[in-house]
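Student: Let me give you the structure first, and then I'll get to my questions.
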Amino acid sequence: MSARDIAVLAELHQEKIAPITYELLGCARALAEAAGGDVVAFLLGGHVEALAGQLAAADRIITVEDPALAGFSPEPYLNVLENLLQTETPRVVLLGSTTIGLDLASLVGARIQAPVVTGCTRLQLAGEQLTVLSHLYAGKMCAEVEVTRLPAICVMLPGSYRERKEGGRGQVEVRPCEAPLPAGAVTFEKMIFPEAGDIDITQQDILVAVGRGIKQQENIELAEELAEALGGAVCASRPVVDQGWLPTTRQVGKSGMTVKPKCYLALGISGAPEHQEGMKNSHLIVAINSDPKAPIYDIAHYGAVVDLMDLAPVLTEKLKARKNV
Ligand SMILES: Cc1cc2nc3c(=O)[nH]c(=O)nc-3n(C[C@H](O)[C@H](O)[C@H](O)COP(=O)(O)OP(=O)(O)OC[C@H]3O[C@@H](n4cnc5c(N)ncnc54)[C@H](O)[C@@H]3O)c2cc1C
């Protein structure tokens with residue numbers, strides 16, 4: 001590796017490559033194409049060598065296997081990453097804005113004395129000059145940040161770059177684990193999955209999503225009737241779930257489910273970045289929101305700037321009438 005390279009930390013979810021990894025590779029490829037250098041993926045875990053071939057968007061994939069790296073615990077990962085970064089000296093290190101990436105970013109930055117930028121959505125690299133667009137206050141504001149000292153650690157918001165699965169040399173290097181791997185103060189215990197029983201919103205073709213604009217629990221019935229008329233199911237933004245109006249299995253977004261239905265009808269949802277993260281790849285997004293400046297309209301294909309209490313029942317009636325024709 002040279003000091004011109006762009007490094008990506010690959011993430012695993014249930015022993016599979018997590019989708020954020022491909023977005024990080026998309027960003028890294030764009031940087032390497034514009035400013036030169038190789039894209040190098042670090043793949044750490046208990047048994048990861050067999051997965052290295054899936055990171056063909058990287059020029060080089062460095063795997064480090066050790067039982068202490070099975071499941072994510074910050075300290076063993078930190079020690080291995082520190083070793084890799086000291087020997088590989090990339091210009092930019094990309095982590096996902098995920099539990100793993102956020103846990104590691106500042107620790108790694110402190111260890112190798114590198115600047116850390118979080119909430120990154122766009123990166124531009126010219127020589128030693130890195131310019132980053134970073135989201136602040138859950139996306140309500142953006143900051144353009146000039147990073148004048150490299151290497152830099154950039155924590156990328158999911159959805160910022162298109163996934164890349166190929167385009168690199170895909171050369172795999174298996175490295176022995178040379179770093180000390182103490183158990184650390186925080187250790188991975190187990191994954192906790194949502195209770196079975198409710199419908200799986202990730203498998204629905206049509207979702208009617210309710211947000212705080214629904215105002216009260218009784219009004220969710222409006223969404224349920226509309227979902228039934230459309231042949232879909234109801235899901236929600238986080239405030240609705242936090243109120244206990246719907247179960248956590250129905251929450252869409254950063255701390256909920258990621259969905260990609262054929263149609264996502266958002267009722268009274270502002271479209272905060274954390275919500276968009278879970279639904280922005282839906283094939284068709286239709287928003288009903290009385291605020292024409294609501295961010296949901298930035299990604300909606302169609303929208304109606306009206307009171308949802310007026311429109312939802314009319315839509316349901318019209319759909320039912322069409323079915324009866
Ligand atoms: C770490 C973290 C994780 C998070 N994870 C998630 C997550 O997984 N999912 C998630 O959704 N959020 C998540 N959030 C919260 C997120 O930031 C927003 O606060 C949340 O998405 C807002 O929900 P909302 O759009 O329902 O409510 P609001 O932002 O309050 O928006 C309500 C909207 O309804 C509209 N409205 C009001 N009345 C009507 C009406 N009568 N007719 C039509 N429109 C109306 C308003 O114009 C407004 O735009 C997370 C936040 C953090 C910090």
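Chain labels A, B, ... are given in the sequence in which chains occur in the structure tokens; within each chain residues are numbered consecutively from 1, and ligands are likewise numbered from 1 in the order shown.
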Any residue with an atom at most 8 Å from ligand 1 counts, using only C-alpha atoms and all ligand atoms. Which are they? Put them as a tab-separated table (two decimals) with N, CA and C atoms, in the first residue's frame.
Tutor:
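Result file is out-v9.tsv:
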chain	number	residue	atom	x	y	z
A	138	ALA	N	-28.72	15.65	12.73
A	138	ALA	CA	-29.58	14.69	12.04
A	138	ALA	C	-29.96	15.18	10.64
A	210	VAL	N	-46.81	5.52	8.74
A	210	VAL	CA	-47.38	6.64	9.50
A	210	VAL	C	-46.32	7.31	10.36
A	211	GLY	N	-46.39	8.63	10.39
A	211	GLY	CA	-45.47	9.40	11.22
A	211	GLY	C	-46.24	10.19	12.26
A	212	ARG	N	-45.51	11.10	12.90
A	212	ARG	CA	-46.11	11.88	13.99
A	212	ARG	C	-47.32	12.69	13.53
A	213	GLY	N	-47.38	12.94	12.20
A	213	GLY	CA	-48.52	13.68	11.66
A	213	GLY	C	-49.84	12.95	11.82
A	214	ILE	N	-49.80	11.70	12.22
A	214	ILE	CA	-51.04	10.93	12.43
A	214	ILE	C	-51.72	11.36	13.74
A	215	LYS	N	-50.93	12.04	14.56
A	215	LYS	CA	-51.41	12.73	15.78
A	215	LYS	C	-51.81	11.83	16.95
A	236	ALA	N	-44.10	2.41	10.34
A	236	ALA	CA	-44.12	3.71	11.03
A	236	ALA	C	-42.73	4.31	11.18
A	237	SER	N	-42.73	5.60	11.47
A	237	SER	CA	-41.49	6.27	11.87
A	237	SER	C	-41.28	6.01	13.37
A	238	ARG	N	-40.12	6.39	13.84
A	238	ARG	CA	-39.77	6.05	15.22
A	238	ARG	C	-40.68	6.67	16.28
A	239	PRO	N	-41.06	7.96	16.16
A	239	PRO	CA	-41.91	8.51	17.23
A	239	PRO	C	-43.19	7.71	17.46
A	240	VAL	N	-43.74	7.17	16.38
A	240	VAL	CA	-44.99	6.40	16.50
A	240	VAL	C	-44.74	5.12	17.30
A	251	GLN	N	-41.06	-0.52	12.75
A	251	GLN	CA	-40.31	0.73	12.60
A	251	GLN	C	-39.36	0.69	11.40
A	252	VAL	N	-39.41	1.74	10.62
A	252	VAL	CA	-38.53	1.87	9.45
A	252	VAL	C	-37.46	2.93	9.77
A	253	GLY	N	-36.23	2.63	9.44
A	253	GLY	CA	-35.19	3.65	9.60
A	253	GLY	C	-33.92	3.11	10.20
A	254	LYS	N	-33.07	4.05	10.54
A	254	LYS	CA	-31.73	3.73	11.06
A	254	LYS	C	-31.77	2.72	12.18
A	255	SER	N	-32.67	2.94	13.15
A	255	SER	CA	-32.72	2.01	14.28
A	255	SER	C	-33.88	1.03	14.13
A	256	GLY	N	-34.42	0.95	12.91
A	256	GLY	CA	-35.49	0.00	12.64
A	256	GLY	C	-35.15	-0.84	11.42
A	257	MET	N	-36.16	-1.12	10.62
A	257	MET	CA	-35.96	-1.99	9.45
A	257	MET	C	-35.60	-1.16	8.22
A	267	LEU	N	-47.34	8.87	5.29
A	267	LEU	CA	-48.38	9.77	5.79
A	267	LEU	C	-47.86	10.54	7.00
A	268	GLY	N	-47.73	11.84	6.87
A	268	GLY	CA	-47.32	12.66	8.02
A	268	GLY	C	-45.95	12.31	8.54
A	269	ILE	N	-45.03	12.06	7.61
A	269	ILE	CA	-43.63	11.76	7.98
A	269	ILE	C	-42.76	12.86	7.40
A	270	SER	N	-41.91	13.46	8.24
A	270	SER	CA	-41.12	14.60	7.74
A	270	SER	C	-40.01	14.14	6.80
A	271	GLY	N	-39.49	12.91	7.03
A	271	GLY	CA	-38.41	12.43	6.17
A	271	GLY	C	-37.04	12.78	6.71
A	272	ALA	N	-36.88	12.64	8.02
A	272	ALA	CA	-35.56	12.87	8.65
A	272	ALA	C	-34.57	11.86	8.07
A	273	PRO	N	-33.26	12.22	8.05
A	273	PRO	CA	-32.26	11.30	7.47
A	273	PRO	C	-32.34	9.89	8.06
A	274	GLU	N	-32.61	9.81	9.38
A	274	GLU	CA	-32.66	8.47	10.01
A	274	GLU	C	-33.84	7.67	9.49
A	275	HIS	N	-34.91	8.34	9.09
A	275	HIS	CA	-36.04	7.62	8.51
A	275	HIS	C	-35.73	7.26	7.06
A	276	GLN	N	-35.21	8.24	6.32
A	276	GLN	CA	-34.89	8.00	4.90
A	276	GLN	C	-33.94	6.82	4.73
A	277	GLU	N	-33.05	6.69	5.71
A	277	GLU	CA	-32.06	5.61	5.63
A	277	GLU	C	-32.72	4.25	5.44
A	278	GLY	N	-33.90	4.10	5.99
A	278	GLY	CA	-34.56	2.79	5.94
A	278	GLY	C	-35.52	2.62	4.78
A	288	ILE	N	-47.58	12.19	1.70
A	288	ILE	CA	-48.68	13.12	2.03
A	288	ILE	C	-48.21	13.87	3.27
A	289	ASN	N	-47.95	15.16	3.08
A	289	ASN	CA	-47.44	15.96	4.19
A	289	ASN	C	-47.89	17.41	3.97
A	290	SER	N	-48.45	18.01	5.00
A	290	SER	CA	-49.00	19.36	4.84
A	290	SER	C	-47.92	20.44	4.73
A	291	ASP	N	-46.66	20.07	5.01
A	291	ASP	CA	-45.57	21.04	4.93
A	291	ASP	C	-44.83	20.85	3.60
A	292	PRO	N	-44.94	21.82	2.68
A	292	PRO	CA	-44.29	21.63	1.37
A	292	PRO	C	-42.77	21.58	1.47
A	294	ALA	N	-41.14	19.84	3.76
A	294	ALA	CA	-40.70	18.63	4.49
A	294	ALA	C	-39.67	17.87	3.64
A	295	PRO	N	-38.57	17.39	4.25
A	295	PRO	CA	-37.50	16.73	3.48
A	295	PRO	C	-37.97	15.46	2.75
A	296	ILE	N	-39.09	14.91	3.15
A	296	ILE	CA	-39.58	13.71	2.46
A	296	ILE	C	-39.81	14.03	0.98
A	305	VAL	N	-49.53	17.94	-0.86
A	305	VAL	CA	-49.36	18.86	0.27
A	305	VAL	C	-50.76	19.17	0.82
A	306	VAL	N	-51.25	18.24	1.60
A	306	VAL	CA	-52.60	18.38	2.16
A	306	VAL	C	-52.62	17.77	3.56
A	307	ASP	N	-53.73	17.92	4.24
A	307	ASP	CA	-53.94	17.28	5.53
A	307	ASP	C	-54.24	15.80	5.29
A	308	LEU	N	-53.42	14.95	5.89
A	308	LEU	CA	-53.62	13.51	5.64
A	308	LEU	C	-54.98	13.03	6.13
A	309	MET	N	-55.50	13.70	7.16
A	309	MET	CA	-56.81	13.29	7.69
A	309	MET	C	-57.90	13.49	6.63
Student: Find the spatial neighbours of region 88-100 of chain A, counting only C-alpha atoms, within a cut-off of 7 Å - ignore same-chain residues fewer than 3 positions away - and output them as a PyMOL selection string.
Tutor: chain A and resi 1-9+20+24+84-85+103-104+119+150-158
Student: For the selection just defined, write its residues with C-alpha atoms to a file, as a CSV table (one decimal), in the first residue's frame.
Tutor:
chain,number,residue,atom,x,y,z
A,1,MET,CA,0.0,0.0,0.0
A,2,SER,CA,1.1,3.5,-0.6
A,3,ALA,CA,0.3,6.7,1.1
A,4,ARG,CA,-2.1,7.5,-1.8
A,5,ASP,CA,-4.5,4.6,-1.1
A,6,ILE,CA,-8.0,4.7,0.2
A,7,ALA,CA,-8.9,2.1,2.8
A,8,VAL,CA,-12.3,0.7,3.7
A,9,LEU,CA,-13.3,-1.3,6.7
A,20,ILE,CA,-22.7,-0.5,3.9
A,24,LEU,CA,-17.9,2.5,1.2
A,84,LEU,CA,-2.9,-2.4,9.5
A,85,LEU,CA,-3.0,1.4,9.3
A,103,ASP,CA,-17.6,2.8,18.0
A,104,LEU,CA,-14.3,2.6,16.2
A,119,GLY,CA,-21.8,12.2,9.2
A,150,LEU,CA,-4.0,13.2,6.2
A,151,PRO,CA,-4.6,10.3,6.9
A,152,ALA,CA,-8.2,11.1,7.8
A,153,ILE,CA,-11.0,8.9,9.1
A,154,CYS,CA,-14.3,9.5,7.5
A,155,VAL,CA,-17.5,8.0,8.8
A,156,MET,CA,-19.9,7.7,5.9
A,157,LEU,CA,-23.7,8.0,6.3
A,158,PRO,CA,-25.4,5.0,4.6
Student: I'd like to know which of A:Arg122, A:His283, A:Lys318, A:Lys323 is closest to Gly26 (chain A), using only C-alpha atoms.
Tutor: A:Arg122
Student: Which is closest to Asp310 (chain A) among A:Leu69, A:Val40, A:Met141, A:Leu222, if we use only C-alpha atoms?
Tutor: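 Looking at the shortest contact to Asp310 (chain A), the residue is A:Leu222.
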Student: Sort by chain and increasing residue number a table of all residues of region 121-221 of chain A within 9 Å of region 42-59 of chain A, each with its closest pair of atoms and their distance in Å to one decimal, counting only C-alpha atoms, and write it as a Markdown table.
Tutor:
| residue | atom | partner | partner_atom | distance |
| --- | --- | --- | --- | --- |
| A:Arg164 | CA | A:Ala57 | CA | 5.9 |
| A:Lys165 | CA | A:Ala57 | CA | 5.0 |
| A:Glu166 | CA | A:Ala57 | CA | 3.8 |
| A:Gly167 | CA | A:Ala57 | CA | 4.7 |
| A:Gly168 | CA | A:Ala57 | CA | 4.3 |
| A:Arg169 | CA | A:Asp59 | CA | 4.2 |
| A:Gly170 | CA | A:Ala56 | CA | 4.4 |
| A:Gln171 | CA | A:Asp59 | CA | 6.0 |
| A:Val172 | CA | A:Ala52 | CA | 6.7 |
| A:Val174 | CA | A:Glu49 | CA | 7.4 |
Student: Extract, using only C-alpha atoms, all DNA, RNA and protein residues at most 9 Å from Leu123 (chain A), discarding same-chain residues fewer than 6 positions from it, and format them as a PDB file with N, CA, C and O atoms, in the first residue's frame.
Tutor:
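As a result, part_14.pdb now contains:
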ATOM      1  N   CYS A  27     -17.651   4.758  -2.648  1.00  0.00           N
ATOM      2  CA  CYS A  27     -17.018   6.044  -2.339  1.00  0.00           C
ATOM      3  C   CYS A  27     -15.513   5.955  -2.593  1.00  0.00           C
ATOM      4  O   CYS A  27     -14.920   6.841  -3.221  1.00  0.00           O
ATOM      5  N   ALA A  30     -14.657   6.026  -6.218  1.00  0.00           N
ATOM      6  CA  ALA A  30     -14.799   7.377  -6.787  1.00  0.00           C
ATOM      7  C   ALA A  30     -13.581   8.228  -6.418  1.00  0.00           C
ATOM      8  O   ALA A  30     -13.042   8.958  -7.258  1.00  0.00           O
ATOM      9  N   LEU A  31     -13.115   8.120  -5.175  1.00  0.00           N
ATOM     10  CA  LEU A  31     -11.942   8.900  -4.753  1.00  0.00           C
ATOM     11  C   LEU A  31     -10.692   8.460  -5.505  1.00  0.00           C
ATOM     12  O   LEU A  31      -9.906   9.284  -5.973  1.00  0.00           O
ATOM     13  N   LEU A 130      -8.481  17.215   1.372  1.00  0.00           N
ATOM     14  CA  LEU A 130      -9.742  16.454   1.398  1.00  0.00           C
ATOM     15  C   LEU A 130     -10.863  17.402   1.804  1.00  0.00           C
ATOM     16  O   LEU A 130     -10.781  18.088   2.823  1.00  0.00           O
ATOM     17  N   THR A 131     -11.918  17.441   0.997  1.00  0.00           N
ATOM     18  CA  THR A 131     -13.084  18.258   1.323  1.00  0.00           C
ATOM     19  C   THR A 131     -14.260  17.324   1.560  1.00  0.00           C
ATOM     20  O   THR A 131     -14.511  16.416   0.773  1.00  0.00           O
ATOM     21  N   VAL A 132     -14.944  17.548   2.688  1.00  0.00           N
ATOM     22  CA  VAL A 132     -16.001  16.621   3.101  1.00  0.00           C
ATOM     23  C   VAL A 132     -17.290  17.396   3.339  1.00  0.00           C
ATOM     24  O   VAL A 132     -17.280  18.450   3.974  1.00  0.00           O
ATOM     25  N   LEU A 133     -18.390  16.847   2.819  1.00  0.00           N
ATOM     26  CA  LEU A 133     -19.698  17.388   3.180  1.00  0.00           C
ATOM     27  C   LEU A 133     -20.218  16.529   4.326  1.00  0.00           C
ATOM     28  O   LEU A 133     -20.304  15.305   4.208  1.00  0.00           O
ATOM     29  N   CYS A 154     -13.010   8.970   7.831  1.00  0.00           N
ATOM     30  CA  CYS A 154     -14.311   9.532   7.454  1.00  0.00           C
ATOM     31  C   CYS A 154     -15.395   8.507   7.730  1.00  0.00           C
ATOM     32  O   CYS A 154     -15.303   7.355   7.290  1.00  0.00           O
TER      33      CYS A 154
END
Student: Using only C-alpha atoms, can you tell me which of A:Pro74, A:Gly184, A:Gly101, A:Gly197 comes closest to Pro247 (chain A)?
Tutor: A:Gly197
Student: Which residues are near Pro176 (chain A)? Cut-off 10 Å, only C-alpha atoms, ignore same chain within fewer than 5 positions. Put them as a list in words.
Tutor: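 Here the qualifying residues turn out to be Thr63, Val64, Glu65 and Asp66 of chain A.
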Student: Mind checking DSSP for region 161-304 of chain A and telling me the strand (DSSP E or B) residues as a ChimeraX atom specification?
Tutor: /A:171-175,196,198,206-210,233-236,251-252,257,263-267,284-288,302-304
Student: Go through A:Ala304, A:Val241, A:Val286, A:Ala223 one by one, measure the shortest atom-to-atom distance of each to Thr316 (chain A) using only C-alpha atoms, and give the residue with the smallest value.
Tutor: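 Ranking A:Ala304, A:Val241, A:Val286, A:Ala223 by distance to Thr316 (chain A), first place goes to A:Ala223.
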Student: Which residue out of A:Ile62, A:Cys263, A:Met279, A:Ala321 has the minimum interatomic distance to Tyr302 (chain A) when only C-alpha atoms are used?
Tutor: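 Going through A:Ile62, A:Cys263, A:Met279, A:Ala321 one by one, the smallest distance to Tyr302 (chain A) is for A:Cys263.
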Student: For the structure I just gave you, how does DSSP split region 119-286 of chain A - specifically, which residues are helix (DSSP H, G or I)? Reply as a ChimeraX atom specification.
Tutor: /A:137-139,201-203,212-214,217-230,238-242,248-250,273-276
Student: I'd like the neighbourhood of Glu23 (chain A) as an MDAnalysis selection string, where a residue qualifies if any of its atoms comes within 6 Å (using only C-alpha atoms), though same-chain residues fewer than 2 positions away should be ignored.
Tutor: chainID A and resid 20:21 25:26 161:163
Student: When distances are computed from only C-alpha atoms, which of A:Leu226, A:Gln203, A:Gln243, A:Ile220 shows the smallest separation from Leu311 (chain A)?
Tutor: A:Leu226
